[in-house]
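Novice: What follows is entry-v1.pdb; its format and atoms are PDB, C-alpha atoms.
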```pdb
ATOM      1  CA  MET E  15      20.849 -50.333 -28.932
ATOM      2  CA  SER E  16      19.623 -51.780 -32.205
ATOM      3  CA  GLU E  17      19.592 -50.334 -35.675
ATOM      4  CA  ASN E  18      16.517 -50.288 -37.919
ATOM      5  CA  SER E  19      18.270 -48.400 -40.707
ATOM      6  CA  GLU E  20      21.503 -46.510 -41.251
ATOM      7  CA  ASN E  21      20.318 -43.442 -39.359
ATOM      8  CA  THR E  22      17.736 -44.834 -36.919
ATOM      9  CA  PHE E  23      18.644 -45.387 -33.284
ATOM     10  CA  GLN E  24      16.730 -47.174 -30.551
ATOM     11  CA  PRO E  25      17.586 -47.922 -26.937
ATOM     12  CA  ASP E  26      18.989 -51.383 -26.296
ATOM     13  CA  PRO E  27      16.646 -53.248 -23.943
ATOM     14  CA  SER E  28      19.607 -55.218 -22.561
ATOM     15  CA  ALA E  29      21.076 -51.990 -21.214
ATOM     16  CA  SER E  30      17.984 -51.238 -19.128
ATOM     17  CA  GLY E  31      18.697 -50.970 -15.431
ATOM     18  CA  LEU E  32      22.472 -51.205 -15.832
ATOM     19  CA  THR E  33      24.856 -48.897 -14.048
ATOM     20  CA  TYR E  34      26.799 -46.913 -16.625
ATOM     21  CA  PRO E  35      30.579 -46.739 -16.229
ATOM     22  CA  PRO E  36      31.942 -43.218 -15.733
ATOM     23  CA  LYS E  37      32.793 -41.458 -18.960
ATOM     24  CA  PRO E  38      36.542 -41.093 -19.618
ATOM     25  CA  VAL E  39      38.143 -37.833 -18.571
ATOM     26  CA  LEU E  40      38.933 -35.518 -21.474
ATOM     27  CA  ILE E  41      42.466 -34.226 -20.906
ATOM     28  CA  GLU E  42      43.717 -31.324 -22.989
ATOM     29  CA  LYS E  43      47.148 -31.737 -24.492
ATOM     30  CA  SER E  44      49.793 -29.865 -22.554
ATOM     31  CA  GLN E  45      51.939 -29.179 -25.615
ATOM     32  CA  ASN E  46      53.061 -25.556 -25.750
ATOM     33  CA  ALA E  47      50.677 -23.818 -28.171
ATOM     34  CA  LEU E  48      53.131 -20.996 -28.873
ATOM     35  CA  THR E  49      55.911 -23.413 -29.802
ATOM     36  CA  ARG E  50      53.579 -25.345 -32.080
ATOM     37  CA  SER E  51      52.444 -22.140 -33.799
ATOM     38  CA  LEU E  52      56.028 -20.963 -34.336
ATOM     39  CA  ILE E  53      56.940 -24.329 -35.843
ATOM     40  CA  GLY E  54      53.873 -24.096 -38.093
ATOM     41  CA  LEU E  55      54.907 -20.615 -39.261
ATOM     42  CA  PHE E  56      58.421 -21.841 -40.025
ATOM     43  CA  VAL E  57      57.133 -24.814 -42.051
ATOM     44  CA  TYR E  58      54.660 -22.494 -43.828
ATOM     45  CA  ALA E  59      57.466 -20.122 -44.849
ATOM     46  CA  LEU E  60      59.768 -22.966 -45.881
ATOM     47  CA  LEU E  61      57.175 -24.614 -48.139
ATOM     48  CA  PHE E  62      56.172 -21.288 -49.655
ATOM     49  CA  TYR E  63      59.798 -20.490 -50.433
ATOM     50  CA  PHE E  64      60.677 -23.788 -52.114
ATOM     51  CA  ILE E  65      57.359 -24.650 -53.797
ATOM     52  CA  PHE E  66      56.382 -21.203 -55.105
ATOM     53  CA  ASP E  67      59.877 -19.705 -55.341
ATOM     54  CA  GLN E  68      58.770 -16.486 -53.650
ATOM     55  CA  ASN E  69      61.140 -13.884 -52.244
ATOM     56  CA  LEU E  70      61.584 -13.587 -48.501
ATOM     57  CA  ALA E  71      59.922 -10.152 -48.285
ATOM     58  CA  TYR E  72      56.687 -11.494 -49.785
ATOM     59  CA  ILE E  73      56.728 -14.551 -47.512
ATOM     60  CA  ALA E  74      57.314 -12.317 -44.475
ATOM     61  CA  ALA E  75      54.365 -10.132 -45.551
ATOM     62  CA  ILE E  76      52.041 -13.150 -45.805
ATOM     63  CA  LEU E  77      53.099 -14.424 -42.390
ATOM     64  CA  LEU E  78      52.612 -10.959 -40.854
ATOM     65  CA  VAL E  79      49.101 -10.715 -42.316
ATOM     66  CA  ILE E  80      48.206 -14.199 -41.022
ATOM     67  CA  ILE E  81      49.536 -13.443 -37.529
ATOM     68  CA  ILE E  82      47.619 -10.147 -37.240
ATOM     69  CA  HIS E  83      44.467 -11.766 -38.620
ATOM     70  CA  GLU E  84      44.514 -14.681 -36.181
ATOM     71  CA  MET E  85      45.544 -12.488 -33.256
ATOM     72  CA  GLY E  86      42.337 -10.523 -33.853
ATOM     73  CA  HIS E  87      40.277 -13.688 -33.393
ATOM     74  CA  PHE E  88      42.484 -14.716 -30.464
ATOM     75  CA  LEU E  89      42.141 -11.442 -28.523
ATOM     76  CA  PHE E  90      38.356 -11.300 -28.870
ATOM     77  CA  MET E  91      38.063 -14.931 -27.715
ATOM     78  CA  ARG E  92      40.151 -14.095 -24.663
ATOM     79  CA  LEU E  93      38.059 -10.968 -24.082
ATOM     80  CA  PHE E  94      34.918 -13.114 -23.969
ATOM     81  CA  ASN E  95      36.517 -15.655 -21.606
ATOM     82  CA  TYR E  96      36.968 -18.539 -24.019
ATOM     83  CA  LYS E  97      39.051 -21.395 -22.628
ATOM     84  CA  ASN E  98      41.991 -23.168 -24.222
ATOM     85  CA  VAL E  99      42.350 -20.558 -26.987
ATOM     86  CA  LYS E 100      44.955 -21.648 -29.531
ATOM     87  CA  ILE E 101      46.204 -20.600 -32.956
ATOM     88  CA  PHE E 102      46.880 -23.387 -35.447
ATOM     89  CA  ILE E 103      49.012 -22.808 -38.535
ATOM     90  CA  VAL E 104      48.157 -24.963 -41.560
ATOM     91  CA  PRO E 105      51.101 -24.818 -44.006
ATOM     92  CA  LEU E 106      50.140 -23.416 -47.448
ATOM     93  CA  LEU E 107      46.446 -23.103 -46.523
ATOM     94  CA  GLY E 108      46.457 -20.509 -43.738
ATOM     95  CA  ALA E 109      45.576 -20.685 -40.059
ATOM     96  CA  PHE E 110      42.660 -20.853 -37.657
ATOM     97  CA  THR E 111      41.994 -20.005 -34.016
ATOM     98  CA  SER E 112      40.041 -22.297 -31.719
ATOM     99  CA  GLY E 113      38.657 -21.962 -28.217
ATOM    100  CA  LYS E 114      35.923 -23.321 -25.980
ATOM    101  CA  LYS E 115      32.947 -21.649 -24.347
ATOM    102  CA  GLN E 116      29.588 -23.303 -23.720
ATOM    103  CA  GLN E 117      27.362 -20.212 -23.571
ATOM    104  CA  VAL E 118      27.964 -17.671 -26.335
ATOM    105  CA  SER E 119      25.926 -15.029 -28.136
ATOM    106  CA  GLN E 120      25.521 -13.837 -31.705
ATOM    107  CA  TRP E 121      27.077 -10.517 -30.725
ATOM    108  CA  GLN E 122      30.180 -12.145 -29.275
ATOM    109  CA  LEU E 123      30.574 -14.522 -32.227
ATOM    110  CA  SER E 124      30.148 -11.646 -34.685
ATOM    111  CA  LEU E 125      32.908  -9.630 -32.994
ATOM    112  CA  ILE E 126      35.209 -12.660 -32.879
ATOM    113  CA  ILE E 127      34.680 -13.286 -36.589
ATOM    114  CA  LEU E 128      35.041  -9.640 -37.656
ATOM    115  CA  GLY E 129      38.073  -9.269 -35.379
ATOM    116  CA  GLY E 130      40.100 -11.296 -37.897
ATOM    117  CA  PRO E 131      39.727  -9.572 -41.288
ATOM    118  CA  VAL E 132      38.693  -6.030 -40.283
ATOM    119  CA  PRO E 133      42.029  -4.955 -38.662
ATOM    120  CA  GLY E 134      43.938  -6.284 -41.677
ATOM    121  CA  ILE E 135      41.609  -4.462 -44.092
ATOM    122  CA  ILE E 136      42.105  -1.209 -42.165
ATOM    123  CA  ILE E 137      45.899  -1.626 -42.101
ATOM    124  CA  GLY E 138      45.998  -2.461 -45.811
ATOM    125  CA  THR E 139      43.792   0.503 -46.726
ATOM    126  CA  VAL E 140      45.884   2.930 -44.642
ATOM    127  CA  LEU E 141      49.140   1.644 -46.154
ATOM    128  CA  TYR E 142      47.677   1.853 -49.649
ATOM    129  CA  TRP E 143      46.544   5.433 -49.069
ATOM    130  CA  LEU E 144      49.837   6.557 -47.481
ATOM    131  CA  ASN E 145      51.821   5.042 -50.313
ATOM    132  CA  ARG E 146      50.326   7.562 -52.722
ATOM    133  CA  ASP E 147      53.068   9.914 -51.564
ATOM    134  CA  TRP E 148      55.723   7.381 -50.638
ATOM    135  CA  ASP E 149      55.490   5.359 -53.872
ATOM    136  CA  ASN E 150      57.413   2.499 -52.262
ATOM    137  CA  SER E 151      57.139  -0.917 -53.944
ATOM    138  CA  THR E 152      57.595  -2.831 -50.668
ATOM    139  CA  VAL E 153      54.850  -0.844 -48.936
ATOM    140  CA  GLN E 154      52.611  -1.375 -51.973
ATOM    141  CA  MET E 155      53.225  -5.123 -51.834
ATOM    142  CA  LEU E 156      52.467  -5.173 -48.101
ATOM    143  CA  ALA E 157      49.257  -3.157 -48.579
ATOM    144  CA  ASN E 158      48.113  -5.461 -51.381
ATOM    145  CA  THR E 159      48.842  -8.538 -49.247
ATOM    146  CA  PHE E 160      46.814  -7.201 -46.311
ATOM    147  CA  LEU E 161      43.892  -6.295 -48.567
ATOM    148  CA  VAL E 162      43.825  -9.375 -50.797
ATOM    149  CA  ILE E 163      44.080 -11.974 -48.020
ATOM    150  CA  ASN E 164      41.586 -10.279 -45.705
ATOM    151  CA  LEU E 165      39.085  -9.354 -48.438
ATOM    152  CA  LEU E 166      39.156 -12.904 -49.786
ATOM    153  CA  ASN E 167      38.577 -14.122 -46.235
ATOM    154  CA  SER E 168      35.572 -11.794 -45.995
ATOM    155  CA  LEU E 169      33.752 -13.384 -48.923
ATOM    156  CA  PRO E 170      30.333 -14.724 -47.820
ATOM    157  CA  VAL E 171      31.424 -18.313 -48.371
ATOM    158  CA  TYR E 172      31.829 -21.015 -45.721
ATOM    159  CA  PRO E 173      34.341 -21.625 -44.054
ATOM    160  CA  LEU E 174      35.739 -18.127 -44.674
ATOM    161  CA  ASP E 175      35.041 -15.473 -42.051
ATOM    162  CA  GLY E 176      32.425 -13.792 -44.225
ATOM    163  CA  GLY E 177      30.508 -17.056 -44.564
ATOM    164  CA  ARG E 178      30.752 -17.744 -40.840
ATOM    165  CA  LEU E 179      29.354 -14.281 -40.099
ATOM    166  CA  ILE E 180      26.375 -14.766 -42.439
ATOM    167  CA  GLU E 181      25.748 -18.168 -40.850
ATOM    168  CA  THR E 182      25.934 -16.687 -37.335
ATOM    169  CA  LEU E 183      23.545 -13.851 -38.154
ATOM    170  CA  PHE E 184      20.870 -15.773 -40.034
ATOM    171  CA  PHE E 185      20.900 -19.566 -39.754
ATOM    172  CA  LYS E 186      23.381 -20.820 -37.162
ATOM    173  CA  ASP E 187      20.765 -23.184 -35.718
ATOM    174  CA  ASN E 188      19.053 -24.220 -38.964
ATOM    175  CA  HIS E 189      20.639 -27.416 -40.236
ATOM    176  CA  VAL E 190      18.868 -27.473 -43.628
ATOM    177  CA  ILE E 191      19.870 -23.921 -44.592
ATOM    178  CA  ARG E 192      23.406 -24.532 -43.332
ATOM    179  CA  LEU E 193      23.541 -27.637 -45.533
ATOM    180  CA  VAL E 194      22.447 -25.692 -48.626
ATOM    181  CA  PHE E 195      24.832 -22.851 -47.799
ATOM    182  CA  SER E 196      27.742 -25.286 -47.450
ATOM    183  CA  ILE E 197      26.969 -26.913 -50.813
ATOM    184  CA  ILE E 198      26.840 -23.493 -52.501
ATOM    185  CA  SER E 199      30.140 -22.620 -50.785
ATOM    186  CA  ILE E 200      31.782 -25.764 -52.158
ATOM    187  CA  ILE E 201      30.686 -24.837 -55.699
ATOM    188  CA  VAL E 202      31.921 -21.236 -55.307
ATOM    189  CA  LEU E 203      35.285 -22.389 -53.932
ATOM    190  CA  LEU E 204      35.734 -24.844 -56.806
ATOM    191  CA  VAL E 205      35.073 -22.009 -59.271
ATOM    192  CA  LEU E 206      37.541 -19.841 -57.340
ATOM    193  CA  CYS E 207      40.175 -22.575 -57.663
ATOM    194  CA  VAL E 208      39.748 -22.514 -61.434
ATOM    195  CA  VAL E 209      39.764 -18.702 -61.664
ATOM    196  CA  LEU E 210      42.882 -18.386 -59.497
ATOM    197  CA  MET E 211      44.448 -21.417 -61.228
ATOM    198  CA  SER E 212      45.376 -22.850 -57.832
ATOM    199  CA  PRO E 213      44.899 -26.639 -57.638
ATOM    200  CA  LEU E 214      46.152 -26.549 -54.038
ATOM    201  CA  LEU E 215      43.028 -24.669 -52.913
ATOM    202  CA  ILE E 216      40.856 -27.609 -53.962
ATOM    203  CA  ILE E 217      41.779 -29.141 -50.595
ATOM    204  CA  ILE E 218      39.424 -26.658 -48.898
ATOM    205  CA  PRO E 219      36.166 -27.674 -50.682
ATOM    206  CA  VAL E 220      37.162 -31.325 -50.265
ATOM    207  CA  LEU E 221      37.555 -30.813 -46.506
ATOM    208  CA  ILE E 222      34.216 -28.965 -46.392
ATOM    209  CA  GLY E 223      32.587 -31.898 -48.192
ATOM    210  CA  ILE E 224      33.955 -34.338 -45.599
ATOM    211  CA  GLU E 225      32.818 -32.046 -42.784
ATOM    212  CA  LEU E 226      29.394 -31.757 -44.402
ATOM    213  CA  TYR E 227      29.067 -35.539 -44.606
ATOM    214  CA  ASN E 228      30.006 -35.956 -40.940
ATOM    215  CA  GLU E 229      27.812 -33.062 -39.786
ATOM    216  CA  ASN E 230      24.807 -34.541 -41.590
ATOM    217  CA  LYS E 231      25.258 -37.763 -39.630
ATOM    218  CA  HIS E 232      25.788 -35.804 -36.413
ATOM    219  CA  GLN E 233      22.517 -33.948 -36.984
ATOM    220  CA  LYS E 234      20.611 -37.205 -37.360
ATOM    221  CA  ILE E 235      22.072 -38.291 -34.034
ATOM    222  CA  ARG E 236      20.911 -34.982 -32.516
ATOM    223  CA  ASP E 237      17.442 -35.543 -33.978
ATOM    224  CA  TYR E 238      17.320 -38.887 -32.188
ATOM    225  CA  LEU E 239      18.547 -37.300 -28.939
ATOM    226  CA  THR E 240      15.833 -34.645 -29.247
ATOM    227  CA  GLN E 241      13.228 -37.371 -29.720
ATOM    228  CA  GLU E 242      14.511 -39.074 -26.568
ATOM    229  CA  ARG E 243      14.544 -35.717 -24.720
ATOM    230  CA  ILE E 244      18.286 -35.878 -24.133
ATOM    231  CA  ASN E 245      20.055 -32.541 -23.836
ATOM    232  CA  TYR E 246      23.007 -32.170 -26.191
ATOM    233  CA  TYR E 247      23.416 -28.441 -25.591
ATOM    234  CA  THR E 248      26.151 -29.053 -23.068
ATOM    235  CA  ASP E 249      29.896 -29.517 -22.913
ATOM    236  CA  TYR E 250      31.725 -32.796 -22.446
ATOM    237  CA  GLU E 251      32.570 -32.007 -18.821
ATOM    238  CA  ASN E 252      28.890 -31.780 -17.831
ATOM    239  CA  LEU E 253      27.674 -34.665 -20.008
ATOM    240  CA  PRO E 254      26.067 -37.398 -17.837
ATOM    241  CA  ASP E 255      27.704 -40.828 -17.993
ATOM    242  CA  LYS E 256      24.542 -42.422 -19.387
ATOM    243  CA  ASN E 257      24.381 -39.904 -22.237
ATOM    244  CA  TYR E 258      28.049 -40.513 -23.031
ATOM    245  CA  TRP E 259      27.413 -44.193 -23.670
ATOM    246  CA  LEU E 260      24.198 -43.471 -25.574
ATOM    247  CA  ILE E 261      25.862 -41.009 -27.956
ATOM    248  CA  ARG E 262      28.810 -43.386 -28.220
ATOM    249  CA  ASP E 263      26.464 -46.145 -29.439
ATOM    250  CA  CYS E 264      24.903 -43.732 -31.947
ATOM    251  CA  LEU E 265      28.364 -43.014 -33.342
ATOM    252  CA  LEU E 266      29.142 -46.731 -33.616
ATOM    253  CA  PHE E 267      25.963 -47.212 -35.660
ATOM    254  CA  SER E 268      26.606 -44.143 -37.843
ATOM    255  CA  PHE E 269      30.312 -44.745 -38.488
ATOM    256  CA  PRO E 270      30.685 -48.558 -38.570
ATOM    257  CA  ARG E 271      33.828 -48.514 -40.705
ATOM    258  CA  LYS E 272      35.553 -45.899 -38.586
ATOM    259  CA  TYR E 273      34.927 -47.891 -35.406
ATOM    260  CA  ALA E 274      35.085 -51.384 -36.869
ATOM    261  CA  GLY E 275      35.121 -54.111 -34.227
ATOM    262  CA  LEU E 276      33.285 -52.129 -31.531
ATOM    263  CA  VAL E 277      29.900 -53.515 -30.486
ATOM    264  CA  PRO E 278      27.088 -51.016 -29.671
ATOM    265  CA  GLY E 279      25.517 -51.591 -26.279
ATOM    266  CA  LYS E 280      28.687 -53.074 -24.815
ATOM    267  CA  LEU E 281      29.682 -50.825 -21.914
ATOM    268  CA  GLU E 282      33.425 -51.358 -22.143
ATOM    269  CA  TYR E 283      36.273 -48.977 -22.882
ATOM    270  CA  SER E 284      38.344 -49.564 -25.998
ATOM    271  CA  ALA E 285      41.512 -48.344 -27.668
ATOM    272  CA  PHE E 286      39.235 -46.046 -29.714
ATOM    273  CA  GLU E 287      38.059 -44.208 -26.598
ATOM    274  CA  PRO E 288      40.207 -41.048 -27.049
ATOM    275  CA  LEU E 289      38.880 -40.694 -30.610
ATOM    276  CA  LEU E 290      35.309 -41.365 -29.470
ATOM    277  CA  MET E 291      35.613 -38.722 -26.752
ATOM    278  CA  GLN E 292      36.571 -36.107 -29.330
ATOM    279  CA  HIS E 293      33.818 -37.308 -31.664
ATOM    280  CA  ILE E 294      31.177 -37.079 -28.932
ATOM    281  CA  SER E 295      32.350 -33.528 -28.212
ATOM    282  CA  ALA E 296      31.708 -32.726 -31.893
ATOM    283  CA  VAL E 297      28.097 -33.935 -31.586
ATOM    284  CA  LEU E 298      27.467 -31.692 -28.571
ATOM    285  CA  LYS E 299      26.508 -28.081 -29.315
ATOM    286  CA  VAL E 300      27.144 -24.752 -27.636
ATOM    287  CA  ASP E 301      24.258 -22.829 -26.122
ATOM    288  CA  LEU E 302      23.897 -19.905 -28.537
ATOM    289  CA  ARG E 303      22.024 -16.836 -27.318
ATOM    290  CA  PHE E 304      20.266 -14.997 -30.151
ATOM    291  CA  ASP E 305      20.788 -11.436 -28.946
ATOM    292  CA  LEU E 306      21.019  -9.751 -32.361
ATOM    293  CA  LYS E 307      17.571  -8.845 -33.620
ATOM    294  CA  GLY E 308      16.134  -6.235 -35.934
ATOM    295  CA  LEU E 309      18.237  -3.073 -36.041
ATOM    296  CA  LYS E 310      21.273  -4.607 -34.303
ATOM    297  CA  LYS E 311      21.513  -7.383 -36.892
ATOM    298  CA  ILE E 312      21.143  -4.858 -39.747
ATOM    299  CA  LEU E 313      23.907  -2.665 -38.266
ATOM    300  CA  VAL E 314      26.314  -5.605 -37.987
ATOM    301  CA  LEU E 315      25.500  -6.610 -41.564
ATOM    302  CA  LEU E 316      26.003  -3.041 -42.838
ATOM    303  CA  PHE E 317      29.351  -2.828 -41.029
ATOM    304  CA  TYR E 318      30.430  -6.087 -42.669
ATOM    305  CA  ILE E 319      29.395  -4.844 -46.126
ATOM    306  CA  ALA E 320      31.128  -1.473 -45.571
ATOM    307  CA  SER E 321      34.348  -3.136 -44.396
ATOM    308  CA  PHE E 322      34.360  -5.183 -47.608
ATOM    309  CA  PHE E 323      33.440  -2.537 -50.195
ATOM    310  CA  ALA E 324      34.925   0.652 -48.683
ATOM    311  CA  PRO E 325      38.580  -0.313 -49.308
ATOM    312  CA  LEU E 326      37.728  -1.482 -52.828
ATOM    313  CA  LEU E 327      36.134   1.901 -53.499
ATOM    314  CA  LEU E 328      39.157   3.765 -52.127
ATOM    315  CA  VAL E 329      41.555   1.708 -54.232
ATOM    316  CA  LEU E 330      39.405   2.313 -57.319
ATOM    317  CA  MET E 331      39.326   6.081 -56.659
ATOM    318  CA  TYR E 332      43.107   6.142 -56.223
ATOM    319  CA  SER E 333      43.639   4.162 -59.432
ATOM    320  CA  LEU E 334      41.393   6.536 -61.419
ATOM    321  CA  ASN E 335      43.144   9.638 -60.059
ATOM    322  CA  LYS E 336      46.639   8.269 -60.550
TER     323      LYS E 336
END
```
Kindly present the structure from the file in structure tokens form.
Specialist:
Amino acid sequence: MSENSENTFQPDPSASGLTYPPKPVLIEKSQNALTRSLIGLFVYALLFYFIFDQNLAYIAAILLVIIIHEMGHFLFMRLFNYKNVKIFIVPLLGAFTSGKKQQVSQWQLSLIILGGPVPGIIIGTVLYWLNRDWDNSTVQMLANTFLVINLLNSLPVYPLDGGRLIETLFFKDNHVIRLVFSIISIIVLLVLCVVLMSPLLIIIPVLIGIELYNENKHQKIRDYLTQERINYYTDYENLPDKNYWLIRDCLLFSFPRKYAGLVPGKLEYSAFEPLLMQHISAVLKVDLRFDLKGLKKILVLLFYIASFFAPLLLVLMYSLNK
């Protein structure tokens, strides 16, 4: 391959007629996911205790909310036959659930996304309502924790669940709108950091910015693949060997500093191969079926809005009547 500009890719004439080496086999790590999650929870609690000087009851409440939230995502992924479903705990920032499935639908993705915050919102609302008679400070703290964390996560801002739902419903496959939405999300999150006076949260918009930069380069690679009529709506397992080396060369052109020393067009494995395998997987896209149209999409959107505003209304009514 040769490069006309930073984001232009052309086939390398020297590669014509060559037999492509088999792509490396992508082997999933066999590390126990449950053990890793438990260790992550322990580190999360330890850092929260020493950095923010919070009592153990409050830390336990936060961990309980996170576990229930992520288990919601986890169970729906398993229900829809996702593979390699795992929960990752990120100390001080939260957690996320990942899984793999090549053919998915808007309906399935919507349920997976809503399966995280909605159960926590319901639990928090019920506890808040029951505590009218109990008047227990611990129950009140637990209810507030369930509501605050899950309602914040429901904000229509990427990468929160609310933002992911809006993206799934309206512009999952539109790169330009996703780009604009991500930039707006970064601005909103920066404002939120200032309002909440939490410098630690600035890590999130920074990470989104890095992801946005990488995704923009990935999209230009996809544009080239589309031009060459190469299917990138596939998983790594079914990716032809020739396409592996082609996308690999595109990555070498797009990220020269990251893969310094590697020569595009040279069909040889390198020490960077495990990283390149993961990077190629990031360029590939799932086959999304757009099965939410018209009334169905409106109903999902109304449910999302109701799940966000209904508990706020109930809390407001309780506060006014107290």
Novice: When the PyMOL selection byres ((chain E and resi 286-302) around 9) is applied to the file above, which residues end up in the set, as a PDB file with C-alpha atoms, in the frame of the given file?
Specialist:
```pdb
ATOM      1  CA  LYS E  37      32.793 -41.458 -18.960  1.00  0.00           C
ATOM      2  CA  PRO E  38      36.542 -41.093 -19.618  1.00  0.00           C
ATOM      3  CA  VAL E  39      38.143 -37.833 -18.571  1.00  0.00           C
ATOM      4  CA  LEU E  40      38.933 -35.518 -21.474  1.00  0.00           C
ATOM      5  CA  LYS E 115      32.947 -21.649 -24.347  1.00  0.00           C
ATOM      6  CA  GLN E 116      29.588 -23.303 -23.720  1.00  0.00           C
ATOM      7  CA  GLN E 117      27.362 -20.212 -23.571  1.00  0.00           C
ATOM      8  CA  VAL E 118      27.964 -17.671 -26.335  1.00  0.00           C
ATOM      9  CA  SER E 119      25.926 -15.029 -28.136  1.00  0.00           C
ATOM     10  CA  GLN E 120      25.521 -13.837 -31.705  1.00  0.00           C
ATOM     11  CA  LYS E 186      23.381 -20.820 -37.162  1.00  0.00           C
ATOM     12  CA  ASP E 187      20.765 -23.184 -35.718  1.00  0.00           C
ATOM     13  CA  GLU E 229      27.812 -33.062 -39.786  1.00  0.00           C
ATOM     14  CA  HIS E 232      25.788 -35.804 -36.413  1.00  0.00           C
ATOM     15  CA  GLN E 233      22.517 -33.948 -36.984  1.00  0.00           C
ATOM     16  CA  ILE E 235      22.072 -38.291 -34.034  1.00  0.00           C
ATOM     17  CA  ARG E 236      20.911 -34.982 -32.516  1.00  0.00           C
ATOM     18  CA  ASN E 245      20.055 -32.541 -23.836  1.00  0.00           C
ATOM     19  CA  TYR E 246      23.007 -32.170 -26.191  1.00  0.00           C
ATOM     20  CA  TYR E 247      23.416 -28.441 -25.591  1.00  0.00           C
ATOM     21  CA  THR E 248      26.151 -29.053 -23.068  1.00  0.00           C
ATOM     22  CA  ASP E 249      29.896 -29.517 -22.913  1.00  0.00           C
ATOM     23  CA  TYR E 250      31.725 -32.796 -22.446  1.00  0.00           C
ATOM     24  CA  TYR E 258      28.049 -40.513 -23.031  1.00  0.00           C
ATOM     25  CA  ILE E 261      25.862 -41.009 -27.956  1.00  0.00           C
ATOM     26  CA  ARG E 262      28.810 -43.386 -28.220  1.00  0.00           C
ATOM     27  CA  LEU E 265      28.364 -43.014 -33.342  1.00  0.00           C
ATOM     28  CA  TYR E 273      34.927 -47.891 -35.406  1.00  0.00           C
ATOM     29  CA  LEU E 276      33.285 -52.129 -31.531  1.00  0.00           C
ATOM     30  CA  TYR E 283      36.273 -48.977 -22.882  1.00  0.00           C
ATOM     31  CA  SER E 284      38.344 -49.564 -25.998  1.00  0.00           C
ATOM     32  CA  ALA E 285      41.512 -48.344 -27.668  1.00  0.00           C
ATOM     33  CA  ARG E 303      22.024 -16.836 -27.318  1.00  0.00           C
ATOM     34  CA  PHE E 304      20.266 -14.997 -30.151  1.00  0.00           C
TER      35      PHE E 304
END
```
Novice: On this structure, which residues satisfy the PyMOL selection byres ((chain E and resi 98) around 9), written as JSON, numbers by chain?
Specialist: {"E": [42, 96, 97, 99, 100, 112, 113, 114]}
Novice: Smallest atom-to-atom distance to Tyr318 (chain E): which of E:Pro131, E:Pro270, E:Pro35, E:Pro105, using all atoms listed in the file?
Specialist: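 For Tyr318 (chain E), the nearest of the candidates is E:Pro131.
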Novice: Could you name the residues that touch Leu93 (chain E) at 12 Å or less, counting all atoms listed in the file, but leaving out those on the same chain fewer than 5 positions away, as a compact mmCIF listing (two decimals) with C-alpha atoms, in the frame of the given file?
Specialist:
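Below you can see out15.txt, which holds the result:
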```txt
# COMPACT_ATOMS: atom_id res chain seq x y z
CA MET E 85 45.54 -12.49 -33.26
CA GLY E 86 42.34 -10.52 -33.85
CA HIS E 87 40.28 -13.69 -33.39
CA PHE E 88 42.48 -14.72 -30.46
CA VAL E 99 42.35 -20.56 -26.99
CA GLY E 113 38.66 -21.96 -28.22
CA LYS E 115 32.95 -21.65 -24.35
CA GLN E 122 30.18 -12.14 -29.28
CA LEU E 123 30.57 -14.52 -32.23
CA LEU E 125 32.91 -9.63 -32.99
CA ILE E 126 35.21 -12.66 -32.88
CA GLY E 129 38.07 -9.27 -35.38
```
Novice: Nearest to Leu174 (chain E): which of E:Val208, E:Leu89, E:Leu107, E:Met155 is it, counting all atoms listed in the file?
Specialist: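 Using all atoms listed in the file, Leu174 (chain E) sits closest to E:Leu107.
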Novice: Considering only C-alpha atoms, state which residue in the set E:Ile163, E:Ile82, E:Leu169, E:Leu326 is at the smallest distance from Gly130 (chain E).
Specialist: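 Counting only C-alpha atoms, the residue closest to Gly130 (chain E) is E:Ile82.
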Novice: Of the candidates E:Leu156, E:Ala59, E:Leu309, E:Leu266, which one gets nearest to Lys231 (chain E) if we count only C-alpha atoms?
Specialist: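 Using only C-alpha atoms, Lys231 (chain E) sits closest to E:Leu266.
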Novice: Can you tell me, as number ranges by chain, what residues are no more than 10 Å from region 139-148 of chain E when counting all atoms listed in the file, ignoring any on the same chain fewer than 5 positions away?
Specialist: E: 133-134, 153-158, 160-161, 324-326, 328-329, 332, 336
Novice: Quick one: everything within 7 Å of Ile101 (chain E), counting all atoms listed in the file, minus sequence neighbours fewer than 2 positions away in the same chain. Send it as a PyMOL selection string.
Specialist: chain E and resi 51+84+103+110-112
Novice: Counting all atoms listed in the file, what is within 8 Å of Leu179 (chain E), bar same-chain residues fewer than 2 positions away, as a list in words?
Specialist: Leu123, Ser124, Ile127, Leu128, Pro170, Asp175, Gly176, Gly177, Glu181, Thr182 and Leu183 of chain E
Novice: Using all atoms listed in the file, pick whichever of E:Tyr172, E:Phe317, E:Phe90, E:Phe322 has the shortest atom-to-atom distance to Ile201 (chain E).
Specialist: E:Tyr172
Novice: Quick check, in Å to one decimal: how far apart do CA of Gly138 (chain E) and CA of Gly108 (chain E) lie?
Specialist: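 About the pair CA of Gly138 (chain E) and CA of Gly108 (chain E): they are 18.2 Å apart.
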Novice: Find the spatial neighbours of Val194 (chain E), counting only C-alpha atoms, within a cut-off of 12 Å - ignore same-chain residues fewer than 5 positions away - and output them as a VMD selection string.
Specialist: chain E and resid 171 to 172 181 185 188 to 189 199 to 201 223 226 230
Novice: Choose the residue, out of E:Arg50, E:Lys311, E:Arg271, E:His83, that has the smallest atom-to-atom separation from Ile180 (chain E); count all atoms listed in the file.
Specialist: E:Lys311
Novice: Separation of CA of Val277 (chain E) and CA of Asp263 (chain E), in Å?
Specialist: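 These atoms are spaced 8.2 Å apart.
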